[in-house]
>>> print(open('my_file01.cif').read())   # mmCIF, C-alpha atoms
data_start
#
loop_
_atom_site.group_PDB
_atom_site.id
_atom_site.type_symbol
_atom_site.label_atom_id
_atom_site.label_comp_id
_atom_site.auth_asym_id
_atom_site.auth_seq_id
_atom_site.Cartn_x
_atom_site.Cartn_y
_atom_site.Cartn_z
ATOM 1 C CA MET A 1 -38.535 4.621 -38.561
ATOM 2 C CA ARG A 2 -41.864 6.088 -39.664
ATOM 3 C CA SER A 3 -43.257 9.491 -38.729
ATOM 4 C CA THR A 4 -46.786 10.720 -39.240
ATOM 5 C CA PHE A 5 -48.323 14.085 -38.492
ATOM 6 C CA SER A 6 -51.962 14.626 -37.628
ATOM 7 C CA GLY A 7 -53.750 17.293 -35.605
ATOM 8 C CA GLY A 8 -50.603 18.825 -34.071
ATOM 9 C CA PHE A 9 -49.144 15.453 -32.963
ATOM 10 C CA VAL A 10 -46.070 13.777 -34.357
ATOM 11 C CA GLN A 11 -46.066 10.032 -33.944
ATOM 12 C CA THR A 12 -42.777 8.207 -34.523
ATOM 13 C CA ARG A 13 -42.306 4.446 -34.568
ATOM 14 C CA PHE A 14 -38.948 2.723 -34.147
ATOM 15 C CA HIS A 15 -38.936 -0.869 -35.148
ATOM 16 C CA PRO A 16 -38.354 -3.353 -33.296
ATOM 17 C CA LEU A 17 -38.919 -1.465 -30.037
ATOM 18 C CA GLU A 18 -42.195 0.040 -31.216
ATOM 19 C CA MET A 19 -41.387 3.282 -29.391
ATOM 20 C CA LYS A 20 -44.125 5.853 -29.728
ATOM 21 C CA ILE A 21 -43.434 9.476 -28.935
ATOM 22 C CA ARG A 22 -46.152 12.066 -29.131
ATOM 23 C CA SER A 23 -45.209 15.695 -29.131
ATOM 24 C CA ARG A 24 -47.169 18.926 -28.960
ATOM 25 C CA GLY A 25 -44.873 21.868 -28.533
ATOM 26 C CA SER A 26 -42.174 20.847 -26.037
ATOM 27 C CA LYS A 27 -44.171 18.127 -24.246
ATOM 28 C CA LEU A 28 -43.196 14.500 -24.844
ATOM 29 C CA ALA A 29 -45.131 11.448 -23.704
ATOM 30 C CA ILE A 30 -43.543 8.010 -23.976
ATOM 31 C CA ASN A 31 -46.025 5.221 -24.461
ATOM 32 C CA ALA A 32 -46.093 2.590 -21.697
ATOM 33 C CA SER A 33 -45.561 -0.176 -24.242
ATOM 34 C CA PHE A 34 -42.143 1.321 -25.021
ATOM 35 C CA VAL A 35 -41.083 1.154 -21.368
ATOM 36 C CA GLU A 36 -42.297 -2.435 -21.122
ATOM 37 C CA THR A 37 -40.583 -3.421 -24.367
ATOM 38 C CA ALA A 38 -37.359 -1.634 -23.419
ATOM 39 C CA SER A 39 -37.237 -3.364 -20.047
ATOM 40 C CA GLN A 40 -37.879 -6.727 -21.660
ATOM 41 C CA THR A 41 -35.118 -6.032 -24.200
ATOM 42 C CA ALA A 42 -32.685 -5.043 -21.421
ATOM 43 C CA SER A 43 -33.614 -8.160 -19.452
ATOM 44 C CA ASP A 44 -33.135 -10.362 -22.522
ATOM 45 C CA LEU A 45 -29.786 -8.710 -23.195
ATOM 46 C CA ILE A 46 -28.495 -9.229 -19.646
ATOM 47 C CA LEU A 47 -29.699 -12.826 -19.489
ATOM 48 C CA SER A 48 -28.466 -13.595 -23.010
ATOM 49 C CA SER A 49 -25.795 -16.267 -23.174
ATOM 50 C CA SER A 50 -23.588 -14.080 -25.377
ATOM 51 C CA PRO A 51 -24.742 -10.471 -25.787
ATOM 52 C CA GLY A 52 -21.584 -9.261 -27.581
ATOM 53 C CA VAL A 53 -18.891 -6.651 -26.994
ATOM 54 C CA VAL A 54 -20.903 -3.409 -27.298
ATOM 55 C CA PRO A 55 -23.455 -4.277 -24.582
ATOM 56 C CA ALA A 56 -20.599 -5.673 -22.481
ATOM 57 C CA LEU A 57 -18.696 -2.386 -22.750
ATOM 58 C CA CYS A 58 -21.780 -0.436 -21.674
ATOM 59 C CA VAL A 59 -22.751 -2.671 -18.751
ATOM 60 C CA ASN A 60 -19.248 -3.284 -17.422
ATOM 61 C CA SER A 61 -18.223 0.372 -17.724
ATOM 62 C CA SER A 62 -21.360 1.408 -15.813
ATOM 63 C CA VAL A 63 -20.621 -1.087 -13.037
ATOM 64 C CA PHE A 64 -17.020 0.123 -12.886
ATOM 65 C CA LEU A 65 -18.019 3.781 -12.618
ATOM 66 C CA LEU A 66 -20.283 2.954 -9.684
ATOM 67 C CA GLY A 67 -17.757 0.697 -7.940
ATOM 68 C CA LEU A 68 -14.500 2.475 -8.768
ATOM 69 C CA PRO A 69 -13.808 3.739 -5.216
ATOM 70 C CA VAL A 70 -14.139 0.189 -3.869
ATOM 71 C CA LEU A 71 -11.983 -1.246 -6.644
ATOM 72 C CA LEU A 72 -9.217 1.312 -6.107
ATOM 73 C CA GLY A 73 -9.258 0.500 -2.390
ATOM 74 C CA GLY A 74 -8.507 -3.156 -3.047
ATOM 75 C CA LEU A 75 -6.571 -3.232 -6.319
ATOM 76 C CA THR A 76 -3.642 -1.496 -7.939
ATOM 77 C CA PRO A 77 -4.441 0.669 -10.984
ATOM 78 C CA ALA A 78 -3.134 -2.132 -13.211
ATOM 79 C CA GLY A 79 -5.396 -4.583 -11.373
ATOM 80 C CA VAL A 80 -8.400 -2.298 -11.959
ATOM 81 C CA ALA A 81 -7.582 -2.110 -15.685
ATOM 82 C CA HIS A 82 -7.203 -5.895 -15.938
ATOM 83 C CA SER A 83 -10.433 -6.523 -14.046
ATOM 84 C CA TRP A 84 -12.287 -4.058 -16.333
ATOM 85 C CA PHE A 85 -11.006 -5.957 -19.372
ATOM 86 C CA LEU A 86 -11.891 -9.318 -17.802
ATOM 87 C CA GLY A 87 -15.379 -8.101 -16.842
ATOM 88 C CA THR A 88 -16.050 -6.807 -20.337
ATOM 89 C CA MET A 89 -14.904 -10.035 -21.968
ATOM 90 C CA VAL A 90 -16.830 -12.239 -19.520
ATOM 91 C CA PHE A 91 -20.055 -10.272 -19.991
ATOM 92 C CA GLY A 92 -19.622 -10.246 -23.769
ATOM 93 C CA ALA A 93 -18.979 -13.983 -23.953
ATOM 94 C CA PHE A 94 -21.148 -15.383 -21.142
ATOM 95 C CA GLY A 95 -23.796 -12.736 -20.481
ATOM 96 C CA GLY A 96 -25.161 -11.521 -17.180
ATOM 97 C CA ARG A 97 -25.045 -14.863 -15.404
ATOM 98 C CA GLY A 98 -21.334 -15.417 -16.078
ATOM 99 C CA TYR A 99 -20.629 -11.781 -15.212
ATOM 100 C CA LEU A 100 -22.504 -12.083 -11.920
ATOM 101 C CA LEU A 101 -20.498 -15.201 -11.036
ATOM 102 C CA VAL A 102 -17.182 -13.374 -11.633
ATOM 103 C CA CYS A 103 -18.383 -10.355 -9.595
ATOM 104 C CA ILE A 104 -19.373 -12.589 -6.660
ATOM 105 C CA TYR A 105 -16.000 -14.357 -6.870
ATOM 106 C CA PHE A 106 -14.183 -10.998 -6.728
ATOM 107 C CA ILE A 107 -16.255 -9.718 -3.790
ATOM 108 C CA LEU A 108 -15.908 -12.909 -1.737
ATOM 109 C CA GLY A 109 -12.212 -13.288 -2.587
ATOM 110 C CA SER A 110 -11.512 -9.693 -1.569
ATOM 111 C CA ALA A 111 -13.409 -10.117 1.702
ATOM 112 C CA VAL A 112 -11.619 -13.365 2.604
ATOM 113 C CA THR A 113 -8.155 -11.916 2.021
ATOM 114 C CA LYS A 114 -8.930 -9.170 4.528
ATOM 115 C CA LEU A 115 -9.740 -11.698 7.295
ATOM 116 C CA LYS A 116 -7.101 -11.840 10.040
ATOM 117 C CA LEU A 117 -4.860 -9.491 8.059
ATOM 118 C CA LYS A 118 -2.757 -8.591 11.148
ATOM 119 C CA GLN A 119 -2.123 -12.282 11.841
ATOM 120 C CA LYS A 120 -1.119 -12.892 8.223
ATOM 121 C CA GLN A 121 1.295 -9.951 8.348
ATOM 122 C CA ALA A 122 2.852 -11.266 11.570
ATOM 123 C CA GLU A 123 3.272 -14.730 10.044
ATOM 124 C CA LEU A 124 4.814 -13.224 6.915
ATOM 125 C CA SER A 125 7.221 -11.190 9.008
ATOM 126 C CA ASP A 126 8.223 -14.299 10.975
ATOM 127 C CA THR A 127 8.749 -16.329 7.799
ATOM 128 C CA VAL A 128 10.820 -13.603 6.126
ATOM 129 C CA SER A 129 13.040 -13.107 9.166
ATOM 130 C CA SER A 130 13.554 -16.851 9.525
ATOM 131 C CA GLU A 131 14.406 -17.474 5.868
ATOM 132 C CA VAL A 132 16.668 -14.426 5.493
ATOM 133 C CA GLY A 133 18.382 -15.232 8.796
ATOM 134 C CA LYS A 134 19.089 -18.820 7.675
ATOM 135 C CA ALA A 135 20.387 -17.731 4.289
ATOM 136 C CA TYR A 136 22.272 -14.524 5.075
ATOM 137 C CA GLY A 137 22.703 -14.286 8.846
ATOM 138 C CA LYS A 138 26.397 -13.849 9.656
ATOM 139 C CA THR A 139 26.144 -14.294 13.409
ATOM 140 C CA THR A 140 23.154 -15.970 15.042
ATOM 141 C CA TYR A 141 22.266 -15.905 18.716
ATOM 142 C CA LEU A 142 19.946 -18.088 20.741
ATOM 143 C CA SER A 143 17.057 -15.844 21.772
ATOM 144 C CA THR A 144 16.856 -17.281 25.324
ATOM 145 C CA THR A 145 20.547 -17.186 26.316
ATOM 146 C CA PHE A 146 22.096 -14.820 23.700
ATOM 147 C CA LYS A 147 24.879 -17.381 23.081
ATOM 148 C CA THR A 148 26.294 -17.708 19.559
ATOM 149 C CA VAL A 149 24.850 -20.759 17.732
ATOM 150 C CA PRO A 150 25.035 -22.121 14.156
ATOM 151 C CA ARG A 151 22.635 -20.724 11.527
ATOM 152 C CA GLY A 152 19.340 -22.640 11.333
ATOM 153 C CA THR A 153 19.225 -23.470 15.066
ATOM 154 C CA GLU A 154 15.661 -23.380 16.442
ATOM 155 C CA GLY A 155 15.079 -20.122 18.310
ATOM 156 C CA ALA A 156 18.166 -18.426 16.877
ATOM 157 C CA VAL A 157 18.030 -14.815 15.649
ATOM 158 C CA SER A 158 20.352 -12.720 13.524
ATOM 159 C CA LEU A 159 20.624 -9.033 12.787
ATOM 160 C CA GLU A 160 19.976 -9.647 9.062
ATOM 161 C CA GLY A 161 16.849 -11.762 9.701
ATOM 162 C CA THR A 162 15.535 -9.316 12.293
ATOM 163 C CA VAL A 163 15.918 -6.345 9.924
ATOM 164 C CA ALA A 164 14.256 -8.278 7.078
ATOM 165 C CA GLY A 165 11.349 -9.292 9.334
ATOM 166 C CA ALA A 166 10.874 -5.709 10.508
ATOM 167 C CA GLY A 167 10.859 -4.586 6.882
ATOM 168 C CA ALA A 168 8.255 -7.179 5.947
ATOM 169 C CA ALA A 169 5.995 -6.104 8.819
#
>>> encode(input="my_file01.cif", output="structure tokens")
Amino acid sequence: MRSTFSGGFVQTRFHPLEMKIRSRGSKLAINASFVETASQTASDLILSSSPGVVPALCVNSSVFLLGLPVLLGGLTPAGVAHSWFLGTMVFGAFGGRGYLLVCIYFILGSAVTKLKLKQKQAELSDTVSSEVGKAYGKTTYLSTTFKTVPRGTEGAVSLEGTVAGAGAA
């Protein structure tokens, strides 16, 4: 860093960004070349194949702060913590391109699991009631005639399986 003073102006240079700040009183003017260089540096960092842990912490933490309400809506707190760690490591090791791929995978995967959620819950409930009824049902009845039948008979229901299915729903 070099500073020079001439005619009421202080000019400071930071190498390698070549940032020039001119000050008179409380006014600051940032040279356009700094903005261009800074944006090129940020772009190079994001597109780098392995930018390192510190940039990864900064980028991933910023993304998490912006998307935290969405993440908490779809993940448990432990899941959020694990995904933050994964995002930081992926960005640090593989850069912006690898990070973008993982983010797209998370978004698409989350969206797909929400498709036909009611149907999936109904199927889960049916499976749970069937399996619990076969394993633990003491008395099973045929659902069409209400006659007692052996466990595992097609269409048979039991109190234990019915309660388990209701609990799973």
>>> closest_residue(input="my_file01.cif", among="A:Val59, A:Val112, A:Leu65, A:Leu159", to="Tyr141 (chain A)", atoms="only C-alpha atoms")
A:Leu159
>>> atom_distance(input="my_file01.cif", atom1="CA of Leu75 (chain A)", atom2="CA of Cys103 (chain A)")
14.2 Å
>>> resolve_selection(input="my_file01.cif", expression="the PyMOL selection byres ((chain A and resi 115-132) around 10)", output="list in words")
Ser110, Ala111, Val112, Thr113, Lys114, Gly133, Lys134, Ala135, Tyr136, Gly137, Gly152, Glu154, Gly155, Ala156, Val157, Ser158, Leu159, Glu160, Gly161, Thr162, Val163, Ala164, Gly165, Ala166, Gly167, Ala168 and Ala169 of chain A
>>> atom_distance(input="my_file01.cif", atom1="CA of Val54 (chain A)", atom2="CA of Tyr105 (chain A)")
23.7 Å
>>> closest_residue(input="my_file01.cif", among="A:Leu66, A:Ile104, A:Val90, A:Val149", to="Ser49 (chain A)", atoms="all atoms listed in the file")
A:Val90
>>> axis_aligned_box(input="my_file01.cif", around="region 57-75 of chain A", padding_each_side="4 Å", output="JSON")
{"center_x": -14.7, "center_y": 0.2, "center_z": -12.6, "size_x": 24.2, "size_y": 15.1, "size_z": 28.4}
>>> atom_distance(input="my_file01.cif", atom1="CA of Leu57 (chain A)", atom2="CA of Ile107 (chain A)")
20.5 Å
>>> residues_around(input="my_file01.cif", residues="Val63 (chain A)", least_positions_apart="3", cutoff="12 Å", atoms="all atoms listed in the file", output="PyMOL selection string")
chain A and resi 56-60+66-71+83-84+87-88+91+99-100+103
>>> resolve_selection(input="my_file01.cif", expression="the PyMOL selection byres ((chain A and resi 93) around 8)", output="JSON list (two decimals) with C-alpha atoms, keeping the file's coordinate frame")
[["chain", "number", "residue", "atom", "x", "y", "z"],
["A", 49, "SER", "CA", -25.80, -16.27, -23.17],
["A", 50, "SER", "CA", -23.59, -14.08, -25.38],
["A", 51, "PRO", "CA", -24.74, -10.47, -25.79],
["A", 52, "GLY", "CA", -21.58, -9.26, -27.58],
["A", 53, "VAL", "CA", -18.89, -6.65, -26.99],
["A", 89, "MET", "CA", -14.90, -10.04, -21.97],
["A", 90, "VAL", "CA", -16.83, -12.24, -19.52],
["A", 91, "PHE", "CA", -20.06, -10.27, -19.99],
["A", 92, "GLY", "CA", -19.62, -10.25, -23.77],
["A", 94, "PHE", "CA", -21.15, -15.38, -21.14],
["A", 95, "GLY", "CA", -23.80, -12.74, -20.48]]
>>> closest_residue(input="my_file01.cif", among="A:Lys138, A:Arg151, A:Leu108, A:Val80", to="Ser61 (chain A)", atoms="all atoms listed in the file")
A:Val80
>>> build_atoms(input="my_file01.cif", residues="region 158-169 of chain A", atoms="N, CA, C and O atoms", output="mmCIF file, keeping the file's coordinate frame")
data_model
loop_
_atom_site.group_PDB
_atom_site.id
_atom_site.type_symbol
_atom_site.label_atom_id
_atom_site.label_comp_id
_atom_site.auth_asym_id
_atom_site.auth_seq_id
_atom_site.Cartn_x
_atom_site.Cartn_y
_atom_site.Cartn_z
ATOM 1 N N SER A 158 19.191 -13.424 14.057
ATOM 2 C CA SER A 158 20.352 -12.720 13.524
ATOM 3 C C SER A 158 19.927 -11.288 13.213
ATOM 4 O O SER A 158 18.736 -10.993 13.068
ATOM 5 N N LEU A 159 20.911 -10.426 13.115
ATOM 6 C CA LEU A 159 20.624 -9.033 12.787
ATOM 7 C C LEU A 159 19.981 -8.943 11.406
ATOM 8 O O LEU A 159 18.985 -8.237 11.216
ATOM 9 N N GLU A 160 20.505 -9.693 10.433
ATOM 10 C CA GLU A 160 19.976 -9.647 9.062
ATOM 11 C C GLU A 160 18.519 -10.126 9.004
ATOM 12 O O GLU A 160 17.673 -9.509 8.358
ATOM 13 N N GLY A 161 18.223 -11.235 9.685
ATOM 14 C CA GLY A 161 16.849 -11.762 9.701
ATOM 15 C C GLY A 161 15.894 -10.835 10.427
ATOM 16 O O GLY A 161 14.751 -10.637 10.006
ATOM 17 N N THR A 162 16.369 -10.231 11.528
ATOM 18 C CA THR A 162 15.535 -9.316 12.293
ATOM 19 C C THR A 162 15.186 -8.074 11.476
ATOM 20 O O THR A 162 14.039 -7.636 11.453
ATOM 21 N N VAL A 163 16.157 -7.521 10.770
ATOM 22 C CA VAL A 163 15.918 -6.345 9.924
ATOM 23 C C VAL A 163 14.949 -6.704 8.775
ATOM 24 O O VAL A 163 14.027 -5.934 8.482
ATOM 25 N N ALA A 164 15.148 -7.854 8.167
ATOM 26 C CA ALA A 164 14.256 -8.278 7.078
ATOM 27 C C ALA A 164 12.829 -8.480 7.575
ATOM 28 O O ALA A 164 11.863 -8.087 6.919
ATOM 29 N N GLY A 165 12.679 -9.084 8.761
ATOM 30 C CA GLY A 165 11.349 -9.292 9.334
ATOM 31 C C GLY A 165 10.659 -7.985 9.665
ATOM 32 O O GLY A 165 9.470 -7.820 9.447
ATOM 33 N N ALA A 166 11.448 -7.032 10.200
ATOM 34 C CA ALA A 166 10.874 -5.709 10.508
ATOM 35 C C ALA A 166 10.438 -5.011 9.218
ATOM 36 O O ALA A 166 9.403 -4.337 9.173
ATOM 37 N N GLY A 167 11.219 -5.181 8.159
ATOM 38 C CA GLY A 167 10.859 -4.586 6.882
ATOM 39 C C GLY A 167 9.601 -5.205 6.287
ATOM 40 O O GLY A 167 8.787 -4.519 5.676
ATOM 41 N N ALA A 168 9.436 -6.489 6.481
ATOM 42 C CA ALA A 168 8.255 -7.179 5.947
ATOM 43 C C ALA A 168 6.984 -6.820 6.726
ATOM 44 O O ALA A 168 5.885 -6.875 6.187
ATOM 45 N N ALA A 169 7.162 -6.463 8.005
ATOM 46 C CA ALA A 169 5.995 -6.104 8.819
ATOM 47 C C ALA A 169 5.452 -4.782 8.342
ATOM 48 O O ALA A 169 4.344 -4.471 8.330
#
